[in-house]
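Dropping entry-v5.tsv in here (TSV, C-alpha atoms and all ligand atoms):
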chain	number	residue	atom	x	y	z
A	244	MET	CA	-45.59	-49.26	-23.32
A	245	ILE	CA	-46.55	-52.88	-23.88
A	246	ASP	CA	-45.34	-55.78	-21.78
A	247	SER	CA	-46.08	-58.90	-23.79
A	248	TYR	CA	-45.92	-62.60	-22.86
A	249	LYS	CA	-42.75	-62.75	-24.91
A	250	HIS	CA	-41.15	-60.01	-22.80
A	251	LYS	CA	-42.26	-61.77	-19.62
A	252	GLY	CA	-40.81	-65.08	-20.82
A	253	LEU	CA	-37.49	-63.46	-21.71
A	254	ARG	CA	-37.40	-61.83	-18.27
A	255	LYS	CA	-37.84	-65.21	-16.56
A	256	LYS	CA	-34.84	-66.50	-18.51
A	257	LEU	CA	-32.81	-63.41	-17.59
A	258	VAL	CA	-33.60	-63.99	-13.92
A	259	GLU	CA	-32.38	-67.58	-14.19
A	260	GLU	CA	-29.17	-66.36	-15.82
A	261	ILE	CA	-28.56	-63.84	-13.03
A	262	ARG	CA	-29.31	-66.49	-10.42
A	263	ARG	CA	-26.74	-68.80	-12.03
A	264	LYS	CA	-24.22	-65.97	-11.85
A	265	GLY	CA	-24.58	-65.95	-8.07
A	266	ILE	CA	-27.40	-63.60	-7.05
A	267	ASN	CA	-29.74	-65.36	-4.65
A	268	ASP	CA	-31.73	-62.60	-2.94
A	269	GLU	CA	-35.27	-63.48	-4.04
A	270	ARG	CA	-36.53	-59.93	-3.51
A	271	ILE	CA	-34.03	-58.65	-6.07
A	272	LEU	CA	-34.77	-61.47	-8.50
A	273	SER	CA	-38.51	-60.93	-8.29
A	274	ALA	CA	-38.10	-57.17	-8.87
A	275	ILE	CA	-36.09	-57.95	-12.02
A	276	GLU	CA	-38.73	-60.44	-13.10
A	277	LYS	CA	-41.49	-57.91	-12.55
A	278	ILE	CA	-40.04	-54.73	-14.10
A	279	PRO	CA	-40.11	-54.37	-17.90
A	280	ARG	CA	-36.51	-53.32	-18.64
A	281	HIS	CA	-37.49	-52.55	-22.22
A	282	TYR	CA	-39.54	-49.56	-20.98
A	283	PHE	CA	-36.21	-47.93	-20.10
A	284	MET	CA	-34.57	-48.45	-23.49
A	285	ASP	CA	-34.96	-46.98	-26.95
A	286	SER	CA	-37.35	-49.00	-29.06
A	287	SER	CA	-34.46	-49.80	-31.43
A	288	PHE	CA	-32.84	-51.81	-28.61
A	289	GLU	CA	-36.05	-53.36	-27.37
A	290	SER	CA	-35.23	-56.82	-28.65
A	291	PHE	CA	-31.97	-56.78	-26.63
A	292	ALA	CA	-33.56	-55.66	-23.36
A	293	TYR	CA	-33.39	-59.11	-21.78
A	294	GLN	CA	-29.80	-59.87	-22.61
A	295	ASP	CA	-27.53	-59.52	-19.60
A	296	LYS	CA	-25.69	-56.58	-21.13
A	297	PRO	CA	-25.44	-52.79	-20.82
A	298	PHE	CA	-26.93	-50.77	-23.70
A	299	PRO	CA	-26.69	-47.15	-24.88
A	300	ILE	CA	-29.40	-44.80	-23.57
A	301	GLY	CA	-28.18	-41.61	-25.29
A	302	ALA	CA	-25.80	-38.82	-24.22
A	303	GLY	CA	-22.95	-41.38	-24.35
A	304	GLN	CA	-24.38	-43.18	-21.29
A	305	THR	CA	-25.59	-46.73	-20.72
A	306	ILE	CA	-28.23	-48.64	-18.81
A	307	SER	CA	-26.25	-50.96	-16.52
A	308	GLN	CA	-26.06	-54.69	-17.13
A	309	PRO	CA	-28.85	-56.43	-15.14
A	310	TYR	CA	-26.30	-58.57	-13.27
A	311	THR	CA	-24.49	-55.40	-12.18
A	312	VAL	CA	-27.78	-53.83	-11.05
A	313	ALA	CA	-28.53	-56.99	-9.04
A	314	PHE	CA	-25.00	-57.14	-7.60
A	315	GLN	CA	-24.97	-53.51	-6.45
A	316	THR	CA	-28.47	-53.91	-5.01
A	317	GLU	CA	-27.38	-57.00	-3.09
A	318	LEU	CA	-24.40	-55.16	-1.58
A	319	LEU	CA	-26.75	-52.40	-0.42
A	320	GLU	CA	-28.71	-54.88	1.76
A	321	ILE	CA	-31.94	-52.99	1.02
A	322	GLN	CA	-34.67	-53.05	3.65
A	323	PRO	CA	-38.20	-51.76	3.03
A	324	LYS	CA	-38.42	-48.00	3.82
A	325	ASP	CA	-34.65	-47.51	3.50
A	326	LYS	CA	-33.88	-43.98	2.39
A	327	VAL	CA	-31.59	-44.47	-0.59
A	328	LEU	CA	-29.58	-41.93	-2.59
A	329	GLU	CA	-28.62	-42.94	-6.13
A	330	ILE	CA	-26.01	-40.94	-8.07
A	331	GLY	CA	-26.59	-41.44	-11.82
A	332	THR	CA	-30.29	-42.02	-12.57
A	333	GLY	CA	-29.49	-42.81	-16.21
A	334	SER	CA	-32.52	-44.64	-17.59
A	335	GLY	CA	-34.19	-44.96	-14.16
A	336	TYR	CA	-34.06	-48.78	-14.26
A	337	GLN	CA	-31.94	-49.23	-11.14
A	338	ALA	CA	-34.15	-46.73	-9.28
A	339	SER	CA	-37.24	-48.76	-10.23
A	340	ILE	CA	-35.69	-51.93	-8.77
A	341	LEU	CA	-35.02	-50.13	-5.48
A	342	LEU	CA	-38.54	-48.66	-5.45
A	343	GLU	CA	-40.05	-52.06	-6.15
A	344	MET	CA	-38.16	-53.38	-3.09
A	345	GLY	CA	-39.86	-50.76	-0.94
A	346	ALA	CA	-37.02	-48.25	-0.66
A	347	ARG	CA	-37.58	-44.49	-0.61
A	348	VAL	CA	-35.43	-43.35	-3.50
A	349	TYR	CA	-33.67	-40.02	-4.12
A	350	THR	CA	-31.87	-40.07	-7.45
A	351	ILE	CA	-29.74	-37.49	-9.29
A	352	GLU	CA	-28.82	-37.27	-12.98
A	353	ARG	CA	-26.57	-34.67	-14.56
A	354	HIS	CA	-27.77	-35.03	-18.16
A	355	ARG	CA	-30.93	-33.00	-18.70
A	356	ASN	CA	-32.31	-35.28	-21.44
A	357	LEU	CA	-31.78	-38.44	-19.44
A	358	TYR	CA	-33.29	-36.80	-16.36
A	359	ASN	CA	-36.41	-35.80	-18.32
A	360	LYS	CA	-36.77	-39.20	-19.91
A	361	ALA	CA	-36.24	-41.20	-16.71
A	362	LYS	CA	-38.70	-38.99	-14.81
A	363	LYS	CA	-41.34	-39.58	-17.47
A	364	THR	CA	-40.77	-43.35	-17.63
A	365	LEU	CA	-40.90	-43.79	-13.85
A	366	GLU	CA	-44.02	-41.64	-13.53
A	367	LYS	CA	-45.79	-43.53	-16.31
A	368	MET	CA	-45.01	-46.77	-14.48
A	369	GLY	CA	-46.56	-45.36	-11.31
A	370	TYR	CA	-43.38	-44.88	-9.27
A	371	SER	CA	-42.68	-41.72	-7.38
A	372	PRO	CA	-38.99	-41.26	-6.69
A	373	LYS	CA	-37.56	-37.89	-5.70
A	374	ILE	CA	-35.66	-37.25	-8.90
A	375	PHE	CA	-33.18	-34.37	-9.25
A	376	TYR	CA	-31.29	-32.79	-12.13
A	377	GLY	CA	-27.73	-31.82	-11.29
A	378	ASP	CA	-24.29	-32.90	-10.16
A	379	GLY	CA	-24.61	-35.73	-7.69
A	380	SER	CA	-20.97	-35.89	-6.67
A	381	LYS	CA	-21.77	-33.70	-3.67
A	382	GLY	CA	-24.89	-35.68	-2.81
A	383	LEU	CA	-28.04	-34.01	-1.48
A	384	PRO	CA	-26.99	-32.19	1.71
A	385	ALA	CA	-30.53	-30.90	2.29
A	386	TYR	CA	-31.93	-34.45	2.58
A	387	THR	CA	-29.31	-36.20	4.72
A	388	PRO	CA	-28.79	-38.68	6.22
A	389	PHE	CA	-29.30	-41.63	3.89
A	390	ASP	CA	-29.46	-45.26	4.99
A	391	LYS	CA	-27.89	-46.33	1.72
A	392	ILE	CA	-25.98	-44.55	-1.07
A	393	LEU	CA	-25.50	-46.08	-4.50
A	394	VAL	CA	-23.13	-44.64	-7.08
A	395	THR	CA	-23.76	-45.99	-10.59
A	396	ALA	CA	-20.89	-44.17	-12.32
A	397	ALA	CA	-17.15	-44.68	-11.74
A	398	ALA	CA	-15.79	-42.43	-8.98
A	399	PRO	CA	-12.08	-41.53	-9.11
A	400	GLU	CA	-11.90	-42.17	-5.34
A	401	ILE	CA	-14.29	-42.91	-2.48
A	402	PRO	CA	-16.44	-39.74	-2.40
A	403	LYS	CA	-15.78	-38.16	1.02
A	404	GLU	CA	-18.75	-35.83	0.84
A	405	LEU	CA	-21.10	-38.78	0.28
A	406	MET	CA	-19.64	-40.69	3.25
A	407	LYS	CA	-20.70	-37.78	5.45
A	408	GLN	CA	-24.27	-38.06	4.17
A	409	LEU	CA	-24.54	-41.72	5.18
A	410	SER	CA	-26.25	-42.56	8.47
A	411	VAL	CA	-24.35	-44.55	11.11
A	412	GLY	CA	-24.87	-48.22	10.21
A	413	GLY	CA	-25.49	-47.20	6.60
A	414	ILE	CA	-23.91	-48.66	3.47
A	415	MET	CA	-22.47	-47.01	0.37
A	416	VAL	CA	-21.79	-48.99	-2.80
A	417	VAL	CA	-19.47	-47.32	-5.29
A	418	PRO	CA	-17.28	-48.43	-8.20
A	419	VAL	CA	-13.89	-46.77	-7.67
A	420	GLY	CA	-11.13	-46.21	-10.21
A	421	THR	CA	-10.09	-44.16	-13.21
A	422	GLY	CA	-8.97	-46.99	-15.51
A	423	ASP	CA	-10.91	-49.25	-17.84
A	424	THR	CA	-12.35	-51.18	-14.92
A	425	GLN	CA	-13.20	-50.20	-11.37
A	426	ILE	CA	-13.24	-51.98	-8.03
A	427	MET	CA	-16.70	-52.32	-6.55
A	428	LYS	CA	-16.53	-51.06	-2.98
A	429	GLN	CA	-19.02	-51.68	-0.20
A	430	ILE	CA	-18.46	-49.17	2.58
A	431	ARG	CA	-20.17	-49.61	5.92
A	432	LYS	CA	-20.28	-46.66	8.30
A	433	LYS	CA	-19.50	-47.84	11.87
A	434	ASP	CA	-19.53	-44.33	13.31
A	435	LYS	CA	-18.73	-40.79	12.22
A	436	ASP	CA	-15.04	-41.54	11.57
A	437	ASN	CA	-14.89	-45.32	11.12
A	438	PHE	CA	-15.75	-47.22	7.99
A	439	ILE	CA	-15.38	-50.84	6.91
A	440	ASP	CA	-14.28	-50.96	3.32
A	441	THR	CA	-14.82	-54.21	1.37
A	442	SER	CA	-13.66	-54.74	-2.22
A	443	CYS	CA	-16.08	-56.83	-4.27
A	444	GLY	CA	-14.55	-57.46	-7.68
A	445	TYR	CA	-14.09	-55.58	-10.92
A	446	PHE	CA	-16.76	-53.87	-13.03
A	447	ARG	CA	-16.92	-51.37	-15.88
A	448	PHE	CA	-18.84	-48.08	-15.52
A	449	VAL	CA	-19.02	-44.75	-17.33
A	450	PRO	CA	-17.12	-42.08	-15.38
A	451	MET	CA	-18.75	-39.89	-12.77
A	452	LEU	CA	-18.25	-36.30	-13.84
A	453	SER	CA	-18.55	-33.29	-11.60
A	454	ASN	CA	-19.03	-30.56	-14.20
A	455	LYS	CA	-21.83	-30.33	-16.72
A	456	THR	CA	-20.10	-31.02	-20.02
B	1	LIG	N1	-28.37	-46.30	-12.87
B	1	LIG	C1	-28.47	-46.15	-14.31
B	1	LIG	C2	-27.17	-46.40	-15.04
B	1	LIG	C3	-26.51	-45.14	-15.16
B	1	LIG	S1	-25.05	-44.94	-16.09
B	1	LIG	C4	-29.57	-47.00	-14.89
B	1	LIG	O1	-30.17	-47.80	-14.17
B	1	LIG	O2	-29.86	-46.85	-16.09
B	1	LIG	C5	-24.38	-43.63	-15.12
B	1	LIG	C6	-25.16	-42.34	-15.11
B	1	LIG	O3	-24.49	-41.46	-14.21
B	1	LIG	C7	-25.21	-41.61	-16.45
B	1	LIG	O4	-26.53	-41.38	-16.81
B	1	LIG	C8	-24.45	-40.31	-16.18
B	1	LIG	O5	-24.97	-39.20	-16.91
B	1	LIG	C9	-24.65	-40.14	-14.69
B	1	LIG	N2	-23.65	-39.30	-14.01
B	1	LIG	C10	-22.32	-39.23	-14.21
B	1	LIG	N3	-21.75	-38.34	-13.35
B	1	LIG	C11	-22.78	-37.84	-12.61
B	1	LIG	C12	-22.83	-36.87	-11.57
B	1	LIG	N4	-21.75	-36.24	-11.12
B	1	LIG	N5	-24.05	-36.59	-11.02
B	1	LIG	C13	-25.19	-37.22	-11.46
B	1	LIG	N6	-25.18	-38.14	-12.45
B	1	LIG	C14	-24.00	-38.44	-13.01

Since I need it in another form, could you write the structure as structure tokens?
Amino acid sequence: MIDSYKHKGLRKKLVEEIRRKGINDERILSAIEKIPRHYFMDSSFESFAYQDKPFPIGAGQTISQPYTVAFQTELLEIQPKDKVLEIGTGSGYQASILLEMGARVYTIERHRNLYNKAKKTLEKMGYSPKIFYGDGSKGLPAYTPFDKILVTAAAPEIPKELMKQLSVGGIMVVPVGTGDTQIMKQIRKKDKDNFIDTSCGYFRFVPMLSNKT
């Protein structure tokens, strides 16, 4: 894994592009500037790593667009030491951004190959997330509660089980919908039965699946 001056220069430009698109949390921008996104992509896509676009990572899945990663991270209002659950590890890139911001990350991926690859990449980079292989739609009951929950695949509806696993005052960010695009939802847990649900625009995600096909 080599991070050249060229990569670093392209990353600076990417950060400026994301800033222009409306992200202004400097902690997020500096994590994006620091983390080599190309480490999370196949070498055949390496030259595209600093375009603000999603790319295939195998198993029919994609690494999210950097702007989307930044947007979801902003909605999570990450604080250092936050205990964060991510559903859909994919490449591991989003997890690395959260780790870089000081969060304690628990992440689940249902594709064995992607799980193996992401685990290896993150370990090589010196990060130590709790990374799990399996169906994340039911969360991680053994590790609750979570301060923040991030879903990086499209959920058909707001996942009730995950809402239970959120601590009071916690935030879940989840793209909801079964069509071509989904509504990004930020859900804030006021108390056990009360949630504030904010819709934050349209995005496009691969579907969250509950079985292992
Ligand atoms: N956060 C990722 C982007 C992931 S794309 C990144 O930074 O690269 C969405 C991922 O969710 C895919 O890898 C897909 O396999 C995974 N996924 C879909 N349904 C899932 C489920 N029920 N449990 C865990 N992972 C799931």

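Across A:Ser287, A:Ser273, A:Gln337, A:Gln429, the tightest approach to ligand LIG 1 (chain B) is made by A:Gln337 when counting only C-alpha atoms and all ligand atoms.
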
Residue with smallest distance to ligand LIG 1 (chain B) - pool A:Arg254, A:Lys360, A:Lys326, A:Arg262, counting only C-alpha atoms and all ligand atoms: A:Lys360

Nearest to A:Thr441, chosen from A:Ile351, A:Ile401, A:Ile261, A:Val411, with only C-alpha atoms counted in the distances: A:Ile401

Can you tell me, as a ChimeraX atom specification, what residues are no more than 9 Å from stretch 368-375 of chain A when counting all atoms listed in the file, ignoring any on the same chain fewer than 3 positions away? /A:282,332,338-339,342-343,347-353,358,361-365,379

Ligand LIG 1 (chain B), all listed atoms, 6 Å padding on each side: what axis-aligned box centre and edge lengths in Å to one decimal come out, as JSON?
{"center_x": -26.0, "center_y": -42.0, "center_z": -14.0, "size_x": 20.4, "size_y": 23.6, "size_z": 17.9}

Find the residues near ligand LIG 1 (chain B). Use a cut-off of 9 Å, count all atoms listed in the file, and write them as a ChimeraX atom specification. /A:283-284,297,300-309,312,329-340,350-355,357-358,361,375-382,393-398,448-455

In Å to one decimal, how far is atom CA of A:Lys264 from atom CA of A:Glu400? 27.6 Å

Please report the interatomic distance between atom CA of A:Thr316 and atom CA of A:Glu269 in Å with one decimal.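 Separation of atom CA of A:Thr316 and atom CA of A:Glu269: 11.8 Å.
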
Distance atom CA of A:Val417-atom CA of A:Phe288, one decimal place?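 Going from atom CA of A:Val417 over to atom CA of A:Phe288, I get 27.3 Å.
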
Contact residues around A:Ile439 with all atoms listed in the file at 9 Å, ignoring same-chain residues under 5 positions, as an MDAnalysis selection string: chainID A and resid 429:433

Residues near A:Tyr445, cut-off 8 Å, only C-alpha atoms, skip fewer than 2 positions along chain, as a CSV table (one decimal) with C-alpha atoms, in the coordinates of the input:
chain,number,residue,atom,x,y,z
A,424,THR,CA,-12.4,-51.2,-14.9
A,425,GLN,CA,-13.2,-50.2,-11.4
A,426,ILE,CA,-13.2,-52.0,-8.0
A,427,MET,CA,-16.7,-52.3,-6.6
A,443,CYS,CA,-16.1,-56.8,-4.3
A,447,ARG,CA,-16.9,-51.4,-15.9

For a quick check of your reading of the model, name the residues lying within 9 Å of the coordinate (-24.1, -37.2, -1.4), counting only C-alpha atoms, and write them as a list of chain:residue names.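 The distance filter leaves exactly A:Leu328, A:Glu329, A:Ile330, A:Gly379, A:Ser380, A:Lys381, A:Gly382, A:Leu383, A:Pro384, A:Thr387, A:Phe389, A:Ile392, A:Pro402, A:Lys403, A:Glu404, A:Leu405, A:Met406, A:Lys407, A:Gln408, A:Leu409.
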